[in-house]
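upload.cif (mmCIF, C-alpha atoms) appears below.
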```cif
data_run
loop_
_atom_site.label_atom_id
_atom_site.label_comp_id
_atom_site.auth_asym_id
_atom_site.auth_seq_id
_atom_site.Cartn_x
_atom_site.Cartn_y
_atom_site.Cartn_z
CA MET A 1 115.87 16.42 -74.52
CA THR A 2 113.69 13.55 -73.37
CA LYS A 3 110.06 13.40 -74.41
CA LEU A 4 107.44 12.84 -71.72
CA THR A 5 103.69 12.53 -72.11
CA PHE A 6 101.30 13.39 -69.30
CA ILE A 7 97.73 12.25 -69.72
CA ALA A 8 95.43 14.36 -67.57
CA HIS A 9 92.39 12.79 -65.95
CA ASP A 10 90.12 14.22 -68.67
CA GLY A 11 92.25 12.52 -71.33
CA THR A 12 94.15 15.59 -72.52
CA HIS A 13 97.70 14.77 -73.60
CA PHE A 14 100.59 17.01 -72.66
CA ASP A 15 103.74 16.24 -74.65
CA VAL A 16 106.71 17.96 -73.12
CA ASP A 17 110.47 18.11 -73.64
CA ALA A 18 112.22 17.40 -70.38
CA GLU A 19 115.78 17.95 -69.39
CA ASN A 20 117.68 14.95 -68.09
CA GLY A 21 118.19 15.18 -64.34
CA SER A 22 114.98 17.12 -63.77
CA THR A 23 112.09 15.36 -62.07
CA VAL A 24 108.89 14.33 -63.81
CA MET A 25 107.00 16.51 -61.30
CA GLU A 26 109.02 19.60 -62.21
CA ASN A 27 108.10 19.11 -65.86
CA ALA A 28 104.44 18.76 -64.98
CA ILE A 29 104.48 22.01 -63.02
CA ARG A 30 106.52 23.84 -65.69
CA ASN A 31 103.97 22.82 -68.31
CA ALA A 32 100.93 23.44 -66.11
CA VAL A 33 99.68 19.87 -66.28
CA PRO A 34 96.40 19.90 -64.36
CA GLY A 35 96.13 17.60 -61.35
CA ILE A 36 99.75 17.70 -60.22
CA GLU A 37 99.81 19.82 -57.08
CA ALA A 38 103.26 19.17 -55.61
CA GLU A 39 102.28 20.90 -52.39
CA CYS A 40 105.64 20.28 -50.70
CA GLY A 41 107.72 21.33 -53.68
CA GLY A 42 109.39 18.00 -54.32
CA ALA A 43 110.55 17.00 -50.85
CA CYS A 44 108.79 13.62 -51.00
CA ALA A 45 106.67 14.87 -48.13
CA CYS A 46 103.10 15.21 -49.35
CA ALA A 47 101.98 12.71 -52.03
CA THR A 48 100.26 15.37 -54.15
CA CYS A 49 102.28 14.66 -57.31
CA HIS A 50 101.00 11.08 -57.58
CA VAL A 51 100.96 9.58 -61.10
CA TYR A 52 100.30 6.21 -62.68
CA VAL A 53 103.20 5.04 -64.82
CA ASP A 54 102.06 3.52 -68.12
CA GLU A 55 102.24 -0.28 -67.91
CA ALA A 56 104.82 -0.41 -70.73
CA TRP A 57 107.15 1.76 -68.65
CA THR A 58 106.90 0.40 -65.12
CA ALA A 59 109.97 -1.84 -65.43
CA GLU A 60 112.17 0.93 -66.81
CA VAL A 61 110.96 3.53 -64.29
CA GLY A 62 111.47 1.12 -61.41
CA GLU A 63 110.00 0.69 -57.95
CA PRO A 64 109.61 3.43 -55.35
CA GLU A 65 112.09 3.55 -52.51
CA ALA A 66 110.94 2.96 -48.94
CA MET A 67 110.36 6.63 -48.13
CA GLU A 68 108.30 7.18 -51.28
CA GLU A 69 106.34 3.98 -50.59
CA ASP A 70 105.54 5.44 -47.15
CA MET A 71 104.29 8.67 -48.69
CA LEU A 72 102.16 6.77 -51.18
CA ASP A 73 100.06 5.67 -48.19
CA PHE A 74 98.60 9.18 -48.32
CA ALA A 75 97.77 9.13 -52.02
CA TYR A 76 94.39 8.55 -53.61
CA GLU A 77 93.64 5.16 -55.23
CA VAL A 78 97.13 3.76 -55.13
CA GLN A 79 97.82 1.09 -57.74
CA PRO A 80 100.84 -1.12 -58.35
CA ASN A 81 102.06 1.38 -60.99
CA SER A 82 101.69 4.39 -58.67
CA ARG A 83 104.69 6.66 -58.22
CA LEU A 84 105.32 10.13 -56.86
CA SER A 85 106.47 12.10 -59.88
CA CYS A 86 108.93 14.16 -57.81
CA GLN A 87 110.92 10.99 -57.25
CA ILE A 88 111.29 10.01 -60.93
CA LYS A 89 114.39 11.57 -62.50
CA VAL A 90 114.32 12.11 -66.26
CA ARG A 91 117.03 10.25 -68.22
CA ASP A 92 117.62 9.08 -71.79
CA ALA A 93 116.12 5.66 -71.12
CA LEU A 94 112.79 7.30 -70.25
CA ASP A 95 112.40 8.93 -73.68
CA GLY A 96 108.74 8.50 -74.59
CA LEU A 97 107.57 7.89 -71.00
CA ILE A 98 103.83 8.11 -70.48
CA VAL A 99 102.30 8.87 -67.07
CA ARG A 100 98.66 9.35 -66.17
CA VAL A 101 97.38 11.85 -63.64
CA PRO A 102 94.85 10.45 -61.14
CA GLU A 103 91.39 11.87 -60.68
CA ARG A 104 92.54 13.77 -57.60
CA GLN A 105 95.50 14.16 -55.31
CA GLY A 106 95.00 13.00 -51.73
CA MET B 1 88.54 29.64 -20.27
CA THR B 2 91.39 31.23 -18.36
CA GLY B 3 90.86 34.90 -19.07
CA ILE B 4 92.15 37.08 -21.85
CA ILE B 5 95.77 36.79 -22.93
CA SER B 6 97.14 40.18 -23.92
CA THR B 7 100.16 40.80 -26.10
CA ASP B 8 101.53 43.48 -28.39
CA VAL B 9 101.63 41.26 -31.44
CA LEU B 10 99.79 38.02 -32.04
CA ILE B 11 101.55 35.92 -34.67
CA VAL B 12 99.51 33.22 -36.35
CA GLY B 13 101.96 30.49 -37.33
CA ALA B 14 105.26 29.52 -35.71
CA GLY B 15 107.13 28.57 -38.87
CA PRO B 16 110.49 30.10 -39.80
CA VAL B 17 108.96 33.39 -40.88
CA GLY B 18 106.72 33.71 -37.82
CA LEU B 19 109.74 32.98 -35.64
CA PHE B 20 111.93 35.57 -37.30
CA ALA B 21 109.12 38.11 -36.94
CA VAL B 22 109.62 37.74 -33.18
CA PHE B 23 113.21 38.88 -33.68
CA GLU B 24 112.46 41.94 -35.79
CA LEU B 25 109.51 42.97 -33.61
CA GLY B 26 111.55 42.30 -30.49
CA LEU B 27 114.26 44.72 -31.58
CA LEU B 28 111.49 47.33 -31.62
CA ASP B 29 110.42 46.34 -28.07
CA LEU B 30 107.26 44.55 -29.16
CA LYS B 31 106.25 41.42 -27.27
CA CYS B 32 104.96 38.50 -29.32
CA HIS B 33 102.69 35.53 -28.75
CA LEU B 34 102.62 32.81 -31.39
CA ILE B 35 99.78 30.37 -32.04
CA ASP B 36 100.29 27.23 -34.08
CA ILE B 37 98.13 24.26 -34.96
CA LEU B 38 101.09 21.90 -34.65
CA ASP B 39 102.45 20.73 -31.32
CA LYS B 40 105.85 22.29 -31.98
CA PRO B 41 107.47 25.29 -33.64
CA GLY B 42 108.86 25.19 -37.17
CA GLY B 43 105.82 24.79 -39.41
CA GLN B 44 106.42 22.88 -42.63
CA CYS B 45 110.17 22.77 -41.92
CA ALA B 46 109.55 20.77 -38.76
CA GLU B 47 106.50 18.81 -39.86
CA LEU B 48 107.13 17.97 -43.50
CA TYR B 49 110.85 17.84 -44.13
CA PRO B 50 112.91 18.29 -40.94
CA GLU B 51 115.91 16.39 -42.28
CA LYS B 52 115.97 17.88 -45.77
CA PRO B 53 118.77 20.33 -46.44
CA ILE B 54 117.89 23.89 -47.49
CA TYR B 55 120.46 25.55 -49.74
CA ASP B 56 119.18 29.10 -50.13
CA ILE B 57 119.41 30.55 -46.66
CA PRO B 58 121.98 33.35 -46.89
CA GLY B 59 125.14 32.49 -45.00
CA TRP B 60 124.23 28.80 -44.74
CA PRO B 61 125.44 26.85 -47.78
CA SER B 62 123.38 23.96 -46.44
CA ILE B 63 121.24 23.65 -43.34
CA SER B 64 118.61 21.09 -42.44
CA ALA B 65 115.08 22.41 -42.07
CA GLN B 66 115.00 21.43 -38.39
CA GLY B 67 118.47 22.91 -37.97
CA LEU B 68 117.17 26.23 -39.26
CA VAL B 69 114.22 26.10 -36.88
CA ASP B 70 116.54 25.36 -33.96
CA LYS B 71 118.78 28.29 -34.88
CA LEU B 72 115.79 30.61 -35.19
CA LEU B 73 114.52 29.55 -31.76
CA GLU B 74 117.95 30.32 -30.35
CA GLN B 75 117.96 33.67 -32.13
CA VAL B 76 114.55 34.78 -30.79
CA ALA B 77 115.07 33.41 -27.27
CA PRO B 78 116.20 36.79 -25.83
CA PHE B 79 112.76 38.20 -26.64
CA LYS B 80 110.98 35.50 -24.63
CA PRO B 81 108.06 34.90 -27.00
CA ASP B 82 105.06 32.97 -25.73
CA PHE B 83 103.78 29.97 -27.67
CA THR B 84 100.37 28.33 -27.78
CA TYR B 85 100.44 25.05 -29.67
CA ASN B 86 97.75 22.66 -30.95
CA ARG B 87 95.38 25.51 -31.58
CA MET B 88 93.75 26.93 -34.65
CA VAL B 89 92.67 30.56 -34.67
CA SER B 90 88.98 30.78 -35.37
CA SER B 91 87.43 34.23 -35.12
CA LEU B 92 88.82 37.73 -35.23
CA GLU B 93 87.06 40.81 -33.99
CA LYS B 94 88.18 44.42 -34.20
CA LEU B 95 88.17 46.26 -30.87
CA ASP B 96 87.24 49.88 -30.29
CA ASP B 97 90.77 50.76 -29.18
CA GLY B 98 92.11 49.71 -32.59
CA GLY B 99 93.34 46.31 -31.43
CA PHE B 100 92.02 42.86 -32.18
CA ARG B 101 90.43 40.01 -30.27
CA VAL B 102 91.28 36.56 -31.63
CA THR B 103 89.64 33.37 -30.41
CA THR B 104 91.00 29.84 -30.89
CA ASP B 105 89.17 26.60 -31.57
CA GLU B 106 89.54 25.82 -27.85
CA ASN B 107 88.00 29.18 -26.93
CA GLU B 108 91.12 30.88 -25.63
CA VAL B 109 90.86 34.61 -26.13
CA PHE B 110 93.80 36.77 -27.17
CA GLU B 111 93.92 40.53 -27.43
CA ALA B 112 96.65 42.13 -29.47
CA LYS B 113 97.44 45.55 -30.85
CA VAL B 114 98.59 44.01 -34.11
CA VAL B 115 97.99 40.64 -35.76
CA VAL B 116 100.60 39.08 -38.03
CA ILE B 117 99.49 36.19 -40.20
CA ALA B 118 102.49 33.98 -40.90
CA ALA B 119 100.46 30.89 -41.63
CA GLY B 120 102.44 29.55 -44.59
CA GLY B 121 100.35 27.20 -46.68
CA GLY B 122 97.58 27.41 -44.11
CA SER B 123 96.90 25.33 -41.06
CA PHE B 124 97.71 21.65 -41.03
CA GLN B 125 94.52 19.65 -40.89
CA PRO B 126 93.86 15.94 -41.09
CA LYS B 127 93.54 14.77 -44.64
CA ARG B 128 90.14 13.39 -45.60
CA PRO B 129 90.62 9.98 -47.18
CA PRO B 130 89.15 9.54 -50.65
CA ILE B 131 86.16 7.46 -49.56
CA PRO B 132 82.91 8.39 -51.29
CA GLY B 133 80.30 9.80 -48.91
CA ILE B 134 82.61 9.95 -45.88
CA GLU B 135 81.50 13.53 -45.14
CA ALA B 136 78.09 12.25 -44.02
CA TYR B 137 79.68 10.39 -41.12
CA GLU B 138 82.27 12.94 -39.98
CA GLY B 139 81.84 14.02 -36.39
CA THR B 140 79.28 11.30 -35.66
CA SER B 141 80.97 8.02 -36.63
CA VAL B 142 84.14 9.06 -38.42
CA PHE B 143 86.77 10.97 -36.44
CA TYR B 144 90.22 12.21 -37.40
CA SER B 145 91.59 12.34 -33.89
CA VAL B 146 90.81 10.84 -30.51
CA ARG B 147 89.79 13.43 -27.96
CA ARG B 148 88.21 10.99 -25.52
CA MET B 149 88.81 7.26 -25.61
CA GLU B 150 85.38 6.74 -24.06
CA ASP B 151 83.80 7.77 -27.37
CA PHE B 152 85.01 4.47 -28.77
CA ARG B 153 83.97 2.20 -25.93
CA SER B 154 82.02 -0.88 -27.04
CA HIS B 155 82.15 0.14 -30.68
CA ASP B 156 83.26 -1.90 -33.66
CA LEU B 157 86.14 0.26 -34.75
CA VAL B 158 87.98 0.44 -38.06
CA ILE B 159 91.30 2.28 -38.05
CA VAL B 160 92.84 3.17 -41.41
CA GLY B 161 96.47 4.02 -41.99
CA GLY B 162 100.01 2.78 -41.54
CA GLY B 163 101.78 5.41 -39.46
CA ASP B 164 102.32 5.92 -35.76
CA SER B 165 98.89 7.47 -35.16
CA ALA B 166 97.12 4.48 -36.69
CA LEU B 167 99.22 1.94 -34.81
CA ASP B 168 99.20 3.77 -31.48
CA TRP B 169 95.43 4.11 -31.48
CA THR B 170 94.98 0.54 -32.61
CA LEU B 171 96.92 -0.59 -29.55
CA ASN B 172 95.40 1.94 -27.15
CA LEU B 173 91.79 1.50 -28.18
CA GLN B 174 91.88 -2.30 -28.48
CA PRO B 175 91.04 -2.84 -24.79
CA VAL B 176 88.20 -0.27 -24.96
CA ALA B 177 86.52 -1.04 -28.28
CA LYS B 178 84.29 -4.03 -28.93
CA SER B 179 86.43 -4.94 -31.93
CA VAL B 180 89.29 -3.29 -33.81
CA THR B 181 90.10 -3.77 -37.48
CA LEU B 182 93.23 -2.08 -38.79
CA VAL B 183 93.25 -1.44 -42.54
CA HIS B 184 96.40 -0.52 -44.40
CA ARG B 185 97.17 -0.85 -48.08
CA ARG B 186 100.29 -2.97 -47.54
CA PRO B 187 101.78 -5.20 -44.84
CA GLU B 188 104.67 -2.77 -44.21
CA PHE B 189 104.19 0.16 -41.83
CA ARG B 190 105.80 3.54 -41.31
CA ALA B 191 105.20 3.25 -37.58
CA ALA B 192 107.66 2.37 -34.82
CA PRO B 193 108.67 -1.30 -35.27
CA ASP B 194 107.78 -2.02 -31.65
CA SER B 195 104.14 -0.97 -32.20
CA VAL B 196 103.97 -2.99 -35.40
CA ASN B 197 105.25 -6.10 -33.60
CA LYS B 198 102.73 -5.61 -30.82
CA MET B 199 99.94 -5.26 -33.36
CA TYR B 200 100.94 -8.48 -35.14
CA ALA B 201 101.16 -10.27 -31.79
CA MET B 202 97.65 -9.14 -30.90
CA GLN B 203 96.40 -10.26 -34.29
CA GLU B 204 97.98 -13.66 -33.63
CA MET B 205 95.96 -13.84 -30.40
CA LYS B 206 92.81 -12.78 -32.29
CA GLN B 207 92.50 -9.61 -30.21
CA LEU B 208 92.29 -7.52 -33.33
CA GLU B 209 92.18 -7.93 -37.05
CA PHE B 210 94.61 -6.50 -39.56
CA ARG B 211 93.51 -6.34 -43.19
CA VAL B 212 95.54 -5.31 -46.19
CA GLY B 213 93.56 -3.13 -48.56
CA GLN B 214 91.94 0.26 -49.02
CA VAL B 215 88.57 1.36 -47.71
CA ALA B 216 86.48 1.95 -50.81
CA GLY B 217 82.99 2.53 -49.48
CA LEU B 218 80.83 3.02 -46.40
CA THR B 219 77.28 2.08 -45.55
CA GLY B 220 75.04 3.47 -42.87
CA ALA B 221 72.32 6.02 -42.35
CA ASP B 222 71.83 9.35 -40.60
CA GLY B 223 75.51 9.71 -39.84
CA GLN B 224 75.61 6.31 -38.14
CA LEU B 225 78.16 4.06 -39.78
CA ALA B 226 77.25 0.39 -40.27
CA SER B 227 80.00 -1.10 -42.41
CA ALA B 228 83.04 -0.44 -44.56
CA THR B 229 84.06 -2.13 -47.80
CA ILE B 230 87.72 -3.02 -48.06
CA LYS B 231 89.15 -3.52 -51.54
CA GLY B 232 92.44 -4.64 -52.95
CA GLY B 233 93.30 -7.13 -50.26
CA PRO B 234 94.28 -10.77 -50.77
CA ASP B 235 90.73 -11.96 -49.97
CA GLY B 236 89.07 -9.70 -52.56
CA ASP B 237 86.38 -7.23 -51.54
CA ILE B 238 85.19 -7.70 -47.99
CA GLU B 239 82.63 -5.98 -45.85
CA VAL B 240 83.52 -5.16 -42.23
CA SER B 241 80.82 -4.17 -39.75
CA CYS B 242 81.78 -1.03 -37.90
CA THR B 243 80.20 1.84 -36.02
CA ARG B 244 83.29 4.01 -35.66
CA MET B 245 86.13 4.81 -38.02
CA LEU B 246 89.43 6.60 -37.45
CA PRO B 247 91.27 7.41 -40.68
CA PHE B 248 94.88 8.60 -40.32
CA PHE B 249 95.95 9.89 -43.72
CA GLY B 250 98.39 12.55 -42.70
CA LEU B 251 97.95 16.28 -42.86
CA THR B 252 97.13 18.79 -45.51
CA MET B 253 97.21 22.57 -45.42
CA LYS B 254 94.11 24.73 -45.57
CA LEU B 255 93.65 28.45 -45.08
CA GLY B 256 90.89 27.66 -42.62
CA PRO B 257 88.90 30.25 -40.65
CA ILE B 258 91.28 33.08 -41.65
CA ALA B 259 89.33 33.09 -44.90
CA GLU B 260 86.37 34.43 -42.90
CA TRP B 261 88.21 37.36 -41.34
CA GLY B 262 87.04 39.87 -43.93
CA LEU B 263 90.46 40.26 -45.54
CA ASN B 264 90.73 40.58 -49.31
CA LEU B 265 91.96 37.29 -50.75
CA HIS B 266 93.65 36.33 -53.99
CA GLU B 267 93.42 32.60 -54.77
CA ASN B 268 93.55 31.67 -51.08
CA LEU B 269 96.48 34.01 -50.49
CA ILE B 270 96.38 37.35 -48.71
CA PRO B 271 97.34 40.35 -50.84
CA VAL B 272 99.63 42.85 -49.11
CA ASP B 273 101.53 45.97 -50.07
CA THR B 274 105.31 45.66 -50.35
CA GLU B 275 106.11 48.56 -48.06
CA LYS B 276 104.39 47.35 -44.91
CA PHE B 277 103.13 43.88 -45.82
CA GLN B 278 99.79 44.99 -44.48
CA THR B 279 96.52 43.34 -45.53
CA SER B 280 93.35 45.13 -46.57
CA VAL B 281 92.65 45.61 -42.84
CA PRO B 282 95.02 48.10 -41.17
CA GLY B 283 96.81 46.50 -38.24
CA ILE B 284 96.69 43.01 -39.73
CA PHE B 285 99.85 42.03 -41.57
CA ALA B 286 100.63 38.92 -43.63
CA VAL B 287 104.13 37.59 -44.20
CA GLY B 288 105.73 34.51 -45.75
CA ASP B 289 104.09 31.97 -48.02
CA ILE B 290 100.55 33.06 -47.16
CA ASN B 291 100.83 36.54 -48.67
CA TRP B 292 100.75 37.67 -52.24
CA TYR B 293 102.08 40.70 -54.10
CA PRO B 294 103.41 41.17 -57.64
CA GLY B 295 106.65 39.25 -57.98
CA LYS B 296 106.10 37.21 -54.82
CA LEU B 297 108.42 34.23 -54.39
CA LYS B 298 107.59 31.64 -51.76
CA LEU B 299 111.03 31.56 -50.24
CA ILE B 300 111.94 31.57 -46.56
CA LEU B 301 114.41 34.30 -47.41
CA SER B 302 111.64 36.50 -48.84
CA GLY B 303 109.68 35.99 -45.63
CA PHE B 304 112.66 37.17 -43.58
CA HIS B 305 112.83 40.37 -45.61
CA GLU B 306 109.09 40.86 -45.29
CA VAL B 307 109.10 40.66 -41.48
CA ALA B 308 111.84 43.28 -41.18
CA LEU B 309 109.73 45.81 -43.06
CA MET B 310 106.50 44.65 -41.45
CA ALA B 311 107.99 45.19 -37.98
CA GLN B 312 108.66 48.86 -38.74
CA ALA B 313 105.08 49.32 -39.87
CA ALA B 314 103.69 47.41 -36.88
CA LYS B 315 105.70 49.63 -34.54
CA ARG B 316 104.14 52.71 -36.16
CA VAL B 317 100.67 51.25 -35.65
CA ILE B 318 101.33 50.51 -32.00
CA SER B 319 103.30 53.66 -31.14
CA PRO B 320 102.10 56.34 -33.54
CA GLY B 321 104.24 59.44 -33.48
CA GLU B 322 107.20 57.75 -31.82
CA ARG B 323 110.38 58.26 -33.78
CA ILE B 324 111.92 54.95 -34.86
CA VAL B 325 115.68 55.16 -34.97
CA PHE B 326 117.10 52.77 -37.51
CA GLN B 327 119.94 50.81 -35.95
CA TYR B 328 122.33 47.96 -36.68
CA THR B 329 122.76 45.02 -34.32
CA THR B 330 126.52 45.14 -34.98
CA SER B 331 126.92 48.61 -33.52
CA SER B 332 123.89 49.62 -31.50
CA THR B 333 124.43 49.18 -27.77
CA SER B 334 120.70 49.42 -27.12
CA LEU B 335 119.93 46.58 -29.58
CA GLN B 336 122.75 44.53 -28.10
CA LYS B 337 121.27 45.05 -24.66
CA LYS B 338 117.95 43.66 -25.90
CA LEU B 339 119.77 40.68 -27.36
CA GLY B 340 121.67 40.14 -24.12
CA VAL B 341 125.05 40.45 -25.80
CA THR B 342 127.90 42.90 -25.51
CA GLY B 343 129.44 44.30 -28.69
#
```
Structure encoded using structure tokens:
Amino acid sequence: MTKLTFIAHDGTHFDVDAENGSTVMENAIRNAVPGIEAECGGACACATCHVYVDEAWTAEVGEPEAMEEDMLDFAYEVQPNSRLSCQIKVRDALDGLIVRVPERQG
Amino acid sequence: MTGIISTDVLIVGAGPVGLFAVFELGLLDLKCHLIDILDKPGGQCAELYPEKPIYDIPGWPSISAQGLVDKLLEQVAPFKPDFTYNRMVSSLEKLDDGGFRVTTDENEVFEAKVVVIAAGGGSFQPKRPPIPGIEAYEGTSVFYSVRRMEDFRSHDLVIVGGGDSALDWTLNLQPVAKSVTLVHRRPEFRAAPDSVNKMYAMQEMKQLEFRVGQVAGLTGADGQLASATIKGGPDGDIEVSCTRMLPFFGLTMKLGPIAEWGLNLHENLIPVDTEKFQTSVPGIFAVGDINWYPGKLKLILSGFHEVALMAQAAKRVISPGERIVFQYTTSSTSLQKKLGVTG
């Protein structure tokens, strides 16, 4: 199991055990992390699972692909460390990953 | 207004479940008219993820969302459904004869014996960009679509977004507006490369301005926009004078005016029974993602099941007392006749 930490907009931490191969979004939904809506269910079609990747993790998580970058146009307050959590796959190297949930989705 | 459009069943939403409802109702000789806010059938399948494969449609190990829509259209074609696109249903009124009168946002009037709500996640509506105070300017200075180009004549216009709508209107309104500033958070666009090239060429000739950044604030008074603040660009925060703004931030889904129809609601979903899929108002049914009942799963396949049972109940509402003979399409010559096939 890989440990992930979601920090909700109000500062609440959600430490969850995630299965490798699942998406960060799926783990947010499974653990009822507030602020992750995932309206489209993970099809990279809505930008309502937007998260900020902790600065220490941006290199390991990597850059969004073109399609995700397009969808990020619809997200709220996009920053250089913005990602759509449905497009981040959990793997061993992400053990300890911290992501922050924005104030609102779209 | 072109008079009242009458139909047996008015289906709100032309997504996969609304389309398959046409089939099940059609087998029972009920004529359907579908209304959708999009300009095409297919709902989320067509609008959000047309190329994505779906793996849980029985009999199709994998089918693209648009592929499923195309197959459904082929399947319901024998029943000749009518479609009205680009319309949102607004009001619903119960008629003395037991039917319903439904009006759209463009004032078309429909009368139906039964109404089926197959509206999925709700109607697609333009997404409001996260700009503080934008509500105060909506409908007076800020618009989410262009109904008449004249409304933008001689205005300083800011267009926000990086897709085809943003680029197309930038190019189309440039000759009409006093000035056009296109704002997008990055220099890459989702729009057709040809439009992007044209835009850059016009910028080169100083016919318009393109700025990288995000609109962070608006100034103005009494609904009249005066300027927009653009942040995050290479030149730092800048203020752009403008009297009109067109943000194109994609679509979101909202239940919309259906919420005002007097139906019981459960967290923006419509509770139904699992025998008829009828709402709290007899004669109004709800199927697919928009309904709720214990154990509900938002699957297309569940919606297909729901419409089969709903159709039986709708038939009983429309033809009370008539005996409904349960038949299979594989063996019933009368069903095959309706489908235009021979067994």
Original post:
Skipping near chain neighbours, those fewer than 4 positions away, what residues fall within 12 Å of B:Gly295 using all atoms listed in the file, listed as a PyMOL selection string?
Top reply: chain B and resi 271-274+291+299+302
**OP:** Please identify all polymer residues within 9 Å of A:His50, counting all atoms listed in the file, omitting same-chain residues fewer than 3 positions from it, and present them as an MDAnalysis selection string.
**Re:** chainID A and resid 25 35:38 47 72 75:76 78 82:86 101:102 104:106
For the residues in that selection, give me C-alpha atoms as an mmCIF file, in the coordinates of the input.
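Resulting contents of result_3.cif:
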```
data_model
loop_
_atom_site.group_PDB
_atom_site.id
_atom_site.type_symbol
_atom_site.label_atom_id
_atom_site.label_comp_id
_atom_site.auth_asym_id
_atom_site.auth_seq_id
_atom_site.Cartn_x
_atom_site.Cartn_y
_atom_site.Cartn_z
ATOM 1 C CA MET A 25 107.000 16.510 -61.300
ATOM 2 C CA GLY A 35 96.130 17.600 -61.350
ATOM 3 C CA ILE A 36 99.750 17.700 -60.220
ATOM 4 C CA GLU A 37 99.810 19.820 -57.080
ATOM 5 C CA ALA A 38 103.260 19.170 -55.610
ATOM 6 C CA ALA A 47 101.980 12.710 -52.030
ATOM 7 C CA LEU A 72 102.160 6.770 -51.180
ATOM 8 C CA ALA A 75 97.770 9.130 -52.020
ATOM 9 C CA TYR A 76 94.390 8.550 -53.610
ATOM 10 C CA VAL A 78 97.130 3.760 -55.130
ATOM 11 C CA SER A 82 101.690 4.390 -58.670
ATOM 12 C CA ARG A 83 104.690 6.660 -58.220
ATOM 13 C CA LEU A 84 105.320 10.130 -56.860
ATOM 14 C CA SER A 85 106.470 12.100 -59.880
ATOM 15 C CA CYS A 86 108.930 14.160 -57.810
ATOM 16 C CA VAL A 101 97.380 11.850 -63.640
ATOM 17 C CA PRO A 102 94.850 10.450 -61.140
ATOM 18 C CA ARG A 104 92.540 13.770 -57.600
ATOM 19 C CA GLN A 105 95.500 14.160 -55.310
ATOM 20 C CA GLY A 106 95.000 13.000 -51.730
#
```
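Computed from the coordinates, the atom CA of B:Gly18 to atom CA of B:Ala118 distance equals 5.2 Å.
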Which residues come within 8 Å of B:Cys45, counting all atoms listed in the file, excluding same-chain residues fewer than 5 positions away, as an mmCIF file with C-alpha atoms, keeping the file's coordinate frame?
```cif
data_model
loop_
_atom_site.group_PDB
_atom_site.id
_atom_site.type_symbol
_atom_site.label_atom_id
_atom_site.label_comp_id
_atom_site.auth_asym_id
_atom_site.auth_seq_id
_atom_site.Cartn_x
_atom_site.Cartn_y
_atom_site.Cartn_z
ATOM 1 C CA GLY B 15 107.130 28.570 -38.870
ATOM 2 C CA PRO B 16 110.490 30.100 -39.800
ATOM 3 C CA PRO B 50 112.910 18.290 -40.940
ATOM 4 C CA ALA B 65 115.080 22.410 -42.070
ATOM 5 C CA GLN B 66 115.000 21.430 -38.390
ATOM 6 C CA VAL B 69 114.220 26.100 -36.880
#
```
Subject >> Hits from the PyMOL selection byres ((chain B) within 10 of (chain A)), listed as an MDAnalysis selection string >> reply: chainID B and resid 44 47:49 52:53 121 127:131 161:163 184:186 188:191 214:216 232 248:253
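Taking atom CA of B:Glu111 and atom CA of B:Val9 as endpoints, the distance between them is 8.7 Å.
One finds atom CA of B:Ser165 at 21.2 Å from atom CA of B:Glu204.
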Mind working out the centre and edge lengths of an axis-aligned box for stretch 80-96 of chain A, all listed atoms inside, 5 Å added to each side, rounded to one decimal in Å and written as JSON?
```
{"center_x": 109.2, "center_y": 6.5, "center_z": -65.7, "size_x": 26.8, "size_y": 25.3, "size_z": 27.7}
```
Subject >> the PyMOL selection byres ((chain B and resi 13) around 7) resolved against shown file, as a VMD selection string >> reply: chain B and resid 11 to 12 14 to 15 18 34 to 36 117 to 119
**OP:** Identify which of the residues B:Val146, B:Leu265, B:Ile230, B:Leu297 lies closest to B:Gly217, counting all atoms listed in the file when measuring atom-to-atom distances.
**Re:** B:Ile230
